[in-house]
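One file, target.cif, carrying mmCIF, C-alpha atoms and all ligand atoms:
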data_start
loop_
_atom_site.label_atom_id
_atom_site.label_comp_id
_atom_site.auth_asym_id
_atom_site.auth_seq_id
_atom_site.Cartn_x
_atom_site.Cartn_y
_atom_site.Cartn_z
CA MET H 250 29.45 -21.28 3.33
CA PHE H 251 33.23 -20.77 3.17
CA ARG H 252 34.78 -21.59 6.52
CA TYR H 253 38.26 -21.12 5.07
CA CYS H 254 39.45 -18.73 2.41
CA PRO H 255 39.38 -20.59 -0.94
CA SER H 256 42.51 -18.67 -1.95
CA CYS H 257 44.84 -18.82 1.09
CA ALA H 258 42.96 -21.20 3.44
CA SER H 259 42.80 -18.58 6.20
CA PRO H 260 40.05 -19.23 8.79
CA ASN H 261 39.54 -15.46 9.12
CA ILE H 262 37.32 -15.13 6.03
CA GLN H 263 34.19 -13.10 6.75
CA PHE H 264 30.74 -12.94 5.20
CA THR H 265 29.41 -9.37 5.12
CA GLU H 266 26.41 -7.41 3.83
CA ASN H 267 24.60 -10.74 3.36
CA LYS H 268 26.39 -11.13 0.03
CA ARG H 269 30.18 -10.96 0.09
CA PHE H 270 33.11 -12.93 1.43
CA ASP H 271 36.23 -10.99 2.40
CA CYS H 272 39.55 -12.49 3.41
CA PRO H 273 41.49 -10.02 5.56
CA ASP H 274 44.68 -12.05 5.10
CA CYS H 275 45.02 -12.22 1.29
CA GLY H 276 42.39 -9.79 -0.03
CA PHE H 277 40.24 -12.50 -1.64
CA VAL H 278 36.71 -11.23 -2.37
CA TYR H 279 33.77 -13.27 -3.57
CA TYR H 280 30.27 -11.92 -4.15
CA HIS H 281 27.51 -14.47 -3.53
CA ASN H 282 25.17 -12.44 -5.73
CA THR H 283 21.43 -12.71 -6.08
CA ALA H 284 20.58 -15.21 -8.81
CA ALA H 285 17.99 -14.54 -11.51
CA ALA H 286 15.10 -16.98 -11.75
CA THR H 287 11.84 -17.12 -13.66
CA GLY H 288 8.37 -18.56 -13.28
CA CYS H 289 5.37 -18.53 -15.58
CA ILE H 290 1.66 -18.47 -15.06
CA ILE H 291 0.26 -20.36 -18.06
CA SER H 292 -3.43 -19.63 -18.43
CA THR H 293 -5.51 -22.12 -20.42
CA GLY H 294 -8.53 -19.86 -20.12
CA GLU H 295 -10.21 -21.60 -17.19
CA THR H 296 -7.17 -22.86 -15.34
CA ILE H 297 -3.50 -22.26 -14.69
CA VAL H 298 -0.73 -24.85 -14.87
CA LEU H 299 0.99 -25.85 -11.62
CA LEU H 300 3.69 -28.48 -11.24
CA VAL H 301 4.11 -30.91 -8.37
CA ARG H 302 7.72 -30.78 -7.21
CA GLY H 303 9.38 -34.18 -7.37
CA LYS H 304 12.51 -33.22 -5.45
CA ASP H 305 13.52 -31.16 -2.45
CA PRO H 306 13.38 -28.38 -1.57
CA ALA H 307 9.61 -28.49 -1.03
CA LYS H 308 9.05 -31.92 -2.57
CA GLY H 309 5.33 -32.55 -3.13
CA LYS H 310 4.44 -28.87 -3.07
CA LEU H 311 3.08 -26.98 -6.06
CA ASP H 312 5.25 -24.69 -8.14
CA LEU H 313 5.08 -22.69 -11.32
CA PRO H 314 7.11 -23.84 -14.34
CA GLY H 315 10.45 -22.05 -14.43
CA GLY H 316 13.83 -22.05 -12.77
CA PHE H 317 17.24 -20.46 -12.56
CA VAL H 318 18.50 -18.44 -15.50
CA ASP H 319 21.70 -20.02 -16.83
CA PRO H 320 24.93 -18.11 -17.43
CA ALA H 321 24.89 -16.22 -20.75
CA GLU H 322 21.12 -16.65 -21.02
CA GLY H 323 18.33 -14.04 -21.00
CA ALA H 324 15.31 -14.42 -18.73
CA LEU H 325 12.91 -15.20 -21.57
CA ASP H 326 15.19 -17.77 -23.20
CA GLY H 327 15.70 -19.31 -19.77
CA LEU H 328 11.98 -19.55 -19.20
CA ARG H 329 11.36 -21.15 -22.61
CA ARG H 330 14.13 -23.66 -21.88
CA GLU H 331 12.60 -24.49 -18.50
CA CYS H 332 9.18 -24.98 -20.11
CA ARG H 333 10.73 -27.37 -22.64
CA GLU H 334 12.63 -29.25 -19.92
CA GLU H 335 9.84 -29.40 -17.35
CA LEU H 336 6.76 -29.64 -19.56
CA GLY H 337 8.12 -30.95 -22.86
CA TRP H 338 6.34 -28.01 -24.36
CA ASP H 339 7.32 -24.61 -25.73
CA PRO H 340 4.55 -22.06 -25.24
CA GLU H 341 5.68 -19.72 -27.99
CA THR H 342 5.97 -22.53 -30.54
CA ALA H 343 2.76 -24.29 -29.47
CA THR H 344 0.68 -21.15 -29.67
CA PRO H 345 1.91 -18.90 -32.49
CA GLY H 346 1.88 -15.29 -31.39
CA ALA H 347 1.86 -16.15 -27.70
CA LYS H 348 4.32 -14.05 -25.74
CA PHE H 349 5.53 -14.01 -22.20
CA SER H 350 4.57 -10.79 -20.39
CA LEU H 351 6.34 -9.73 -17.24
CA PHE H 352 3.72 -9.75 -14.50
CA ALA H 353 5.54 -9.43 -11.18
CA SER H 354 8.86 -9.92 -9.45
CA PHE H 355 9.57 -10.98 -5.88
CA PRO H 356 12.65 -12.04 -3.93
CA ASN H 357 13.04 -15.59 -2.71
CA VAL H 358 15.49 -17.71 -0.77
CA TYR H 359 16.05 -21.10 -2.36
CA PRO H 360 17.74 -23.54 0.01
CA TYR H 361 19.76 -26.19 -1.80
CA LYS H 362 21.89 -28.73 0.05
CA GLY H 363 22.36 -26.42 2.99
CA ILE H 364 23.22 -23.31 1.00
CA PRO H 365 20.66 -20.49 0.81
CA TYR H 366 20.53 -18.88 -2.63
CA ASN H 367 18.98 -15.44 -2.74
CA THR H 368 17.04 -15.14 -5.95
CA CYS H 369 15.25 -12.40 -7.85
CA ASP H 370 12.22 -14.25 -9.22
CA MET H 371 10.57 -12.80 -12.31
CA PHE H 372 7.06 -14.01 -13.06
CA PHE H 373 5.60 -13.94 -16.54
CA THR H 374 2.13 -14.70 -17.86
CA ILE H 375 1.29 -16.41 -21.12
CA THR H 376 -1.96 -17.75 -22.53
CA ALA H 377 -2.35 -21.22 -24.03
CA PRO H 378 -6.05 -21.61 -24.82
CA GLY H 379 -7.29 -25.20 -24.55
CA LEU H 380 -4.00 -26.59 -23.24
CA THR H 381 -4.42 -29.99 -21.57
CA GLU H 382 -2.09 -32.52 -19.97
CA LYS H 383 -2.06 -34.45 -23.26
CA ASP H 384 -0.12 -31.56 -24.84
CA LEU H 385 2.64 -31.91 -22.26
CA HIS H 386 5.45 -34.45 -21.99
CA LEU H 387 6.60 -34.61 -18.40
CA GLU H 388 9.97 -36.29 -18.37
CA ALA H 389 12.13 -34.44 -15.84
CA ASP H 390 12.32 -36.42 -12.60
CA GLU H 391 12.22 -33.11 -10.71
CA ILE H 392 8.53 -32.97 -11.70
CA ALA H 393 6.12 -35.41 -10.04
CA GLY H 394 3.00 -34.27 -11.87
CA VAL H 395 0.99 -31.39 -13.25
CA ARG H 396 -2.25 -29.83 -12.04
CA PHE H 397 -4.65 -27.63 -13.96
CA ILE H 398 -6.37 -25.53 -11.30
CA ARG H 399 -8.84 -22.66 -11.52
CA PRO H 400 -7.10 -19.63 -10.01
CA ALA H 401 -9.88 -19.15 -7.46
CA ASP H 402 -9.37 -22.76 -6.29
CA VAL H 403 -5.61 -22.53 -5.71
CA ASN H 404 -4.74 -23.08 -2.06
CA LEU H 405 -1.83 -20.67 -1.57
CA ASP H 406 -0.53 -22.85 1.29
CA ASP H 407 0.12 -25.64 -1.23
CA LEU H 408 2.66 -23.48 -3.09
CA ALA H 409 6.32 -24.21 -2.50
CA PHE H 410 7.89 -20.79 -2.17
CA ASP H 411 7.09 -17.40 -0.76
CA SER H 412 7.75 -15.63 -4.06
CA THR H 413 5.49 -18.03 -5.99
CA ARG H 414 2.76 -17.62 -3.39
CA ARG H 415 2.95 -13.84 -3.75
CA ALA H 416 2.89 -14.04 -7.54
CA VAL H 417 -0.14 -16.34 -7.69
CA LYS H 418 -1.91 -14.25 -5.05
CA ALA H 419 -1.26 -11.11 -7.10
CA TYR H 420 -2.53 -12.90 -10.22
CA ILE H 421 -5.75 -13.95 -8.47
CA GLU H 422 -6.27 -10.38 -7.28
CA TYR H 423 -5.57 -9.11 -10.78
CA LEU H 424 -8.25 -11.44 -12.17
CA HIS H 425 -10.76 -10.37 -9.47
CA VAL H 426 -11.83 -14.00 -9.01
ZN ZN U 1 42.71 -15.48 1.90
#

Before anything else, please render the file you have as structure tokens.
Amino acid sequence: MFRYCPSCASPNIQFTENKRFDCPDCGFVYYHNTAAATGCIISTGETIVLLVRGKDPAKGKLDLPGGFVDPAEGALDGLRRECREELGWDPETATPGAKFSLFASFPNVYPYKGIPYNTCDMFFTITAPGLTEKDLHLEADEIAGVRFIRPADVNLDDLAFDSTRRAVKAYIEYLHV
């Protein structure tokens, strides 16, 4: 990603351990650390909520609501923010007493404009009995639509990312459907 040292412009900068840049000429060090990201499996009872991605990477594929955790933000606050941004809906406000529960965590590589971001994806479950599309307000242009799908009917090949596929697969196995 850096072909020249951002500090001294040396071309000798090296990328090591799949995470750090070292410049042998000026001592510059930069860690391209794993980023935290979240996803949530919202169960309406019969179905779970999947989004249709409106932008690359994986435009048109299905994804769980969620996204990168912002600086100075906790995972749960980040997930609530993503739900508000992507769905126009806040699960904890909409369903008093509803809480996110950590369900699984898997690594992912999120390619964005040619740069691979290693992420640690944390997947949470939450229940929203009776939720329908009418309760949601999809405004973000990164979202092309929403699907309510019975877990047993989810085609794992339609999911955008390896980590999401593993999380939904684990959820289906957990439900024994
Ligand atoms: Zn340097």

Mind listing the residues within 10 Å of ligand ZN 1 (chain U), only C-alpha atoms and all ligand atoms counted, as a PyMOL selection string?
chain H and resi 253-262+270-278

Selected residue of minimal separation from Lys304 (chain H) among H:Gly337, H:Pro400, H:Gly394, H:Pro356, counting all atoms listed in the file:
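Closest to Lys304 (chain H), using all atoms listed in the file: H:Gly394.
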
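Note that the spacing between CA of Glu422 (chain H) and CA of Asp402 (chain H) amounts to 12.8 Å.
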
Can you tell me how far CA of Thr293 (chain H) sits from CA of Glu322 (chain H), in Å to one decimal?
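Pair CA of Thr293 (chain H) / CA of Glu322 (chain H) returns 27.2 Å.
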
Could you give me, as a tab-separated table, every region 328-394 of chain H residue with an atom at most 8 Å from region 403-414 of chain H, plus its closest atom pair and distance in Å to one decimal, counting all atoms listed in the file, rows ordered by chain then number?
residue	atom	partner	partner_atom	distance
H:Ser354	CA	H:Ser412	CA	7.9
H:Phe355	CA	H:Ser412	CA	5.3
H:Pro356	CA	H:Ser412	CA	6.1
H:Asn357	CA	H:Ser412	CA	5.5
H:Asp370	CA	H:Ser412	CA	7.0

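The residue that comes closest to Lys383 (chain H), out of H:Ala285, H:Tyr366, H:Leu336, H:Ala324 and on the basis of all atoms listed in the file, is H:Leu336.
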
All residues 7 Å or closer to Val395 (chain H), only C-alpha atoms, same chain fewer than 2 positions away omitted, as an MDAnalysis selection string
chainID H and resid 298:301 397

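Closest to Ile421 (chain H) among H:Val318, H:Arg329, H:Ile290, H:Pro378 is H:Ile290, based on all atoms listed in the file.
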
Who sits within 9 Å of Ala377 (chain H), all atoms listed in the file, same chain under 4 positions skipped, as a compact mmCIF listing (two decimals) with C-alpha atoms, in the coordinates of the input:
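Full text of around-v5.txt as output:
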# COMPACT_ATOMS: atom_id res chain seq x y z
CA ILE H 291 0.26 -20.36 -18.06
CA SER H 292 -3.43 -19.63 -18.43
CA THR H 293 -5.51 -22.12 -20.42
CA GLY H 294 -8.53 -19.86 -20.12
CA PRO H 340 4.55 -22.06 -25.24
CA ALA H 343 2.76 -24.29 -29.47
CA THR H 344 0.68 -21.15 -29.67
CA ALA H 347 1.86 -16.15 -27.70

Between CA of Arg330 (chain H) and CA of Val358 (chain H), measure the distance and give it in Å to one decimal.
22.0 Å

Measuring atom to atom with all atoms listed in the file, identify which of H:Val417, H:Ile297, H:Tyr361, H:Gly303 is nearest to Gly379 (chain H).
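For Gly379 (chain H), the nearest of the given residues is H:Ile297.
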
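Around the coordinate (13.3, -36.0, -19.8), residues that reach within 10 Å when counting only C-alpha atoms are Arg333, Glu334, Glu335, Leu336, Gly337, His386, Leu387, Glu388, Ala389, Asp390, Glu391 and Ile392 of chain H.
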
Given only C-alpha atoms as the counted atoms, nearest of H:Thr376, H:Pro320, H:Met371, H:Pro365 to Pro345 (chain H)
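Going through H:Thr376, H:Pro320, H:Met371, H:Pro365 one by one, the smallest distance to Pro345 (chain H) is for H:Thr376.
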
Choose the residue, out of H:Ala321, H:Leu328, H:Asn367, H:Gly309, that has the smallest atom-to-atom separation from Lys268 (chain H); count all atoms listed in the file.
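Answer, going by the shortest atom-to-atom distance: H:Asn367.
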
Exercise on region 271-284 of chain H, axis-aligned box with 4 Å per side, report centre and edge lengths in Å to one decimal, as JSON:
{"center_x": 32.8, "center_y": -12.5, "center_z": -1.6, "size_x": 32.4, "size_y": 13.4, "size_z": 22.4}

Could you complete region 348-375 of chain H so that it carries N, CA and C atoms, and give it back as a PDB file, in the frame of the given file?
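Final output, rebuild23.pdb:
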ATOM      1  N   LYS H 348       3.108 -14.696 -26.267  1.00  0.00           N
ATOM      2  CA  LYS H 348       4.320 -14.050 -25.740  1.00  0.00           C
ATOM      3  C   LYS H 348       4.268 -14.037 -24.228  1.00  0.00           C
ATOM      4  N   PHE H 349       5.425 -14.200 -23.631  1.00  0.00           N
ATOM      5  CA  PHE H 349       5.530 -14.010 -22.200  1.00  0.00           C
ATOM      6  C   PHE H 349       5.425 -12.512 -21.884  1.00  0.00           C
ATOM      7  N   SER H 350       4.636 -12.180 -20.870  1.00  0.00           N
ATOM      8  CA  SER H 350       4.570 -10.790 -20.390  1.00  0.00           C
ATOM      9  C   SER H 350       5.003 -10.759 -18.944  1.00  0.00           C
ATOM     10  N   LEU H 351       5.906  -9.850 -18.631  1.00  0.00           N
ATOM     11  CA  LEU H 351       6.340  -9.730 -17.240  1.00  0.00           C
ATOM     12  C   LEU H 351       5.159  -9.278 -16.394  1.00  0.00           C
ATOM     13  N   PHE H 352       4.883 -10.039 -15.332  1.00  0.00           N
ATOM     14  CA  PHE H 352       3.720  -9.750 -14.500  1.00  0.00           C
ATOM     15  C   PHE H 352       4.121  -9.220 -13.127  1.00  0.00           C
ATOM     16  N   ALA H 353       5.132  -9.828 -12.525  1.00  0.00           N
ATOM     17  CA  ALA H 353       5.540  -9.430 -11.180  1.00  0.00           C
ATOM     18  C   ALA H 353       6.928  -9.963 -10.897  1.00  0.00           C
ATOM     19  N   SER H 354       7.549  -9.417  -9.868  1.00  0.00           N
ATOM     20  CA  SER H 354       8.860  -9.920  -9.450  1.00  0.00           C
ATOM     21  C   SER H 354       8.956  -9.835  -7.937  1.00  0.00           C
ATOM     22  N   PHE H 355       9.425 -10.934  -7.332  1.00  0.00           N
ATOM     23  CA  PHE H 355       9.570 -10.980  -5.880  1.00  0.00           C
ATOM     24  C   PHE H 355      10.873 -11.677  -5.521  1.00  0.00           C
ATOM     25  N   PRO H 356      11.445 -11.324  -4.369  1.00  0.00           N
ATOM     26  CA  PRO H 356      12.650 -12.040  -3.930  1.00  0.00           C
ATOM     27  C   PRO H 356      12.287 -13.377  -3.316  1.00  0.00           C
ATOM     28  N   ASN H 357      13.245 -14.287  -3.343  1.00  0.00           N
ATOM     29  CA  ASN H 357      13.040 -15.590  -2.710  1.00  0.00           C
ATOM     30  C   ASN H 357      14.376 -16.077  -2.155  1.00  0.00           C
ATOM     31  N   VAL H 358      14.287 -17.008  -1.239  1.00  0.00           N
ATOM     32  CA  VAL H 358      15.490 -17.710  -0.770  1.00  0.00           C
ATOM     33  C   VAL H 358      15.281 -19.185  -1.084  1.00  0.00           C
ATOM     34  N   TYR H 359      16.167 -19.728  -1.908  1.00  0.00           N
ATOM     35  CA  TYR H 359      16.050 -21.100  -2.360  1.00  0.00           C
ATOM     36  C   TYR H 359      17.135 -21.925  -1.683  1.00  0.00           C
ATOM     37  N   PRO H 360      16.731 -22.752  -0.710  1.00  0.00           N
ATOM     38  CA  PRO H 360      17.740 -23.540   0.010  1.00  0.00           C
ATOM     39  C   PRO H 360      18.097 -24.782  -0.779  1.00  0.00           C
ATOM     40  N   TYR H 361      19.363 -24.990  -1.070  1.00  0.00           N
ATOM     41  CA  TYR H 361      19.760 -26.190  -1.800  1.00  0.00           C
ATOM     42  C   TYR H 361      20.991 -26.797  -1.160  1.00  0.00           C
ATOM     43  N   LYS H 362      20.803 -27.999  -0.617  1.00  0.00           N
ATOM     44  CA  LYS H 362      21.890 -28.730   0.050  1.00  0.00           C
ATOM     45  C   LYS H 362      22.619 -27.852   1.070  1.00  0.00           C
ATOM     46  N   GLY H 363      21.806 -27.174   1.871  1.00  0.00           N
ATOM     47  CA  GLY H 363      22.360 -26.420   2.990  1.00  0.00           C
ATOM     48  C   GLY H 363      22.827 -25.024   2.656  1.00  0.00           C
ATOM     49  N   ILE H 364      22.778 -24.654   1.376  1.00  0.00           N
ATOM     50  CA  ILE H 364      23.220 -23.310   1.000  1.00  0.00           C
ATOM     51  C   ILE H 364      22.006 -22.488   0.571  1.00  0.00           C
ATOM     52  N   PRO H 365      21.780 -21.326   1.223  1.00  0.00           N
ATOM     53  CA  PRO H 365      20.660 -20.490   0.810  1.00  0.00           C
ATOM     54  C   PRO H 365      21.048 -19.601  -0.368  1.00  0.00           C
ATOM     55  N   TYR H 366      20.284 -19.731  -1.462  1.00  0.00           N
ATOM     56  CA  TYR H 366      20.530 -18.880  -2.630  1.00  0.00           C
ATOM     57  C   TYR H 366      19.478 -17.786  -2.664  1.00  0.00           C
ATOM     58  N   ASN H 367      19.916 -16.551  -2.579  1.00  0.00           N
ATOM     59  CA  ASN H 367      18.980 -15.440  -2.740  1.00  0.00           C
ATOM     60  C   ASN H 367      18.695 -15.285  -4.228  1.00  0.00           C
ATOM     61  N   THR H 368      17.404 -15.264  -4.542  1.00  0.00           N
ATOM     62  CA  THR H 368      17.040 -15.140  -5.950  1.00  0.00           C
ATOM     63  C   THR H 368      16.162 -13.910  -6.170  1.00  0.00           C
ATOM     64  N   CYS H 369      16.193 -13.415  -7.385  1.00  0.00           N
ATOM     65  CA  CYS H 369      15.250 -12.400  -7.850  1.00  0.00           C
ATOM     66  C   CYS H 369      14.344 -13.126  -8.832  1.00  0.00           C
ATOM     67  N   ASP H 370      13.142 -13.470  -8.393  1.00  0.00           N
ATOM     68  CA  ASP H 370      12.220 -14.250  -9.220  1.00  0.00           C
ATOM     69  C   ASP H 370      11.377 -13.313 -10.076  1.00  0.00           C
ATOM     70  N   MET H 371      11.385 -13.569 -11.374  1.00  0.00           N
ATOM     71  CA  MET H 371      10.570 -12.800 -12.310  1.00  0.00           C
ATOM     72  C   MET H 371       9.440 -13.692 -12.804  1.00  0.00           C
ATOM     73  N   PHE H 372       8.219 -13.208 -12.687  1.00  0.00           N
ATOM     74  CA  PHE H 372       7.060 -14.010 -13.060  1.00  0.00           C
ATOM     75  C   PHE H 372       6.408 -13.443 -14.315  1.00  0.00           C
ATOM     76  N   PHE H 373       6.175 -14.322 -15.264  1.00  0.00           N
ATOM     77  CA  PHE H 373       5.600 -13.940 -16.540  1.00  0.00           C
ATOM     78  C   PHE H 373       4.258 -14.647 -16.712  1.00  0.00           C
ATOM     79  N   THR H 374       3.377 -14.038 -17.482  1.00  0.00           N
ATOM     80  CA  THR H 374       2.130 -14.700 -17.860  1.00  0.00           C
ATOM     81  C   THR H 374       2.177 -15.031 -19.341  1.00  0.00           C
ATOM     82  N   ILE H 375       1.449 -16.067 -19.701  1.00  0.00           N
ATOM     83  CA  ILE H 375       1.290 -16.410 -21.120  1.00  0.00           C
ATOM     84  C   ILE H 375      -0.025 -17.175 -21.236  1.00  0.00           C
TER      85      ILE H 375
END
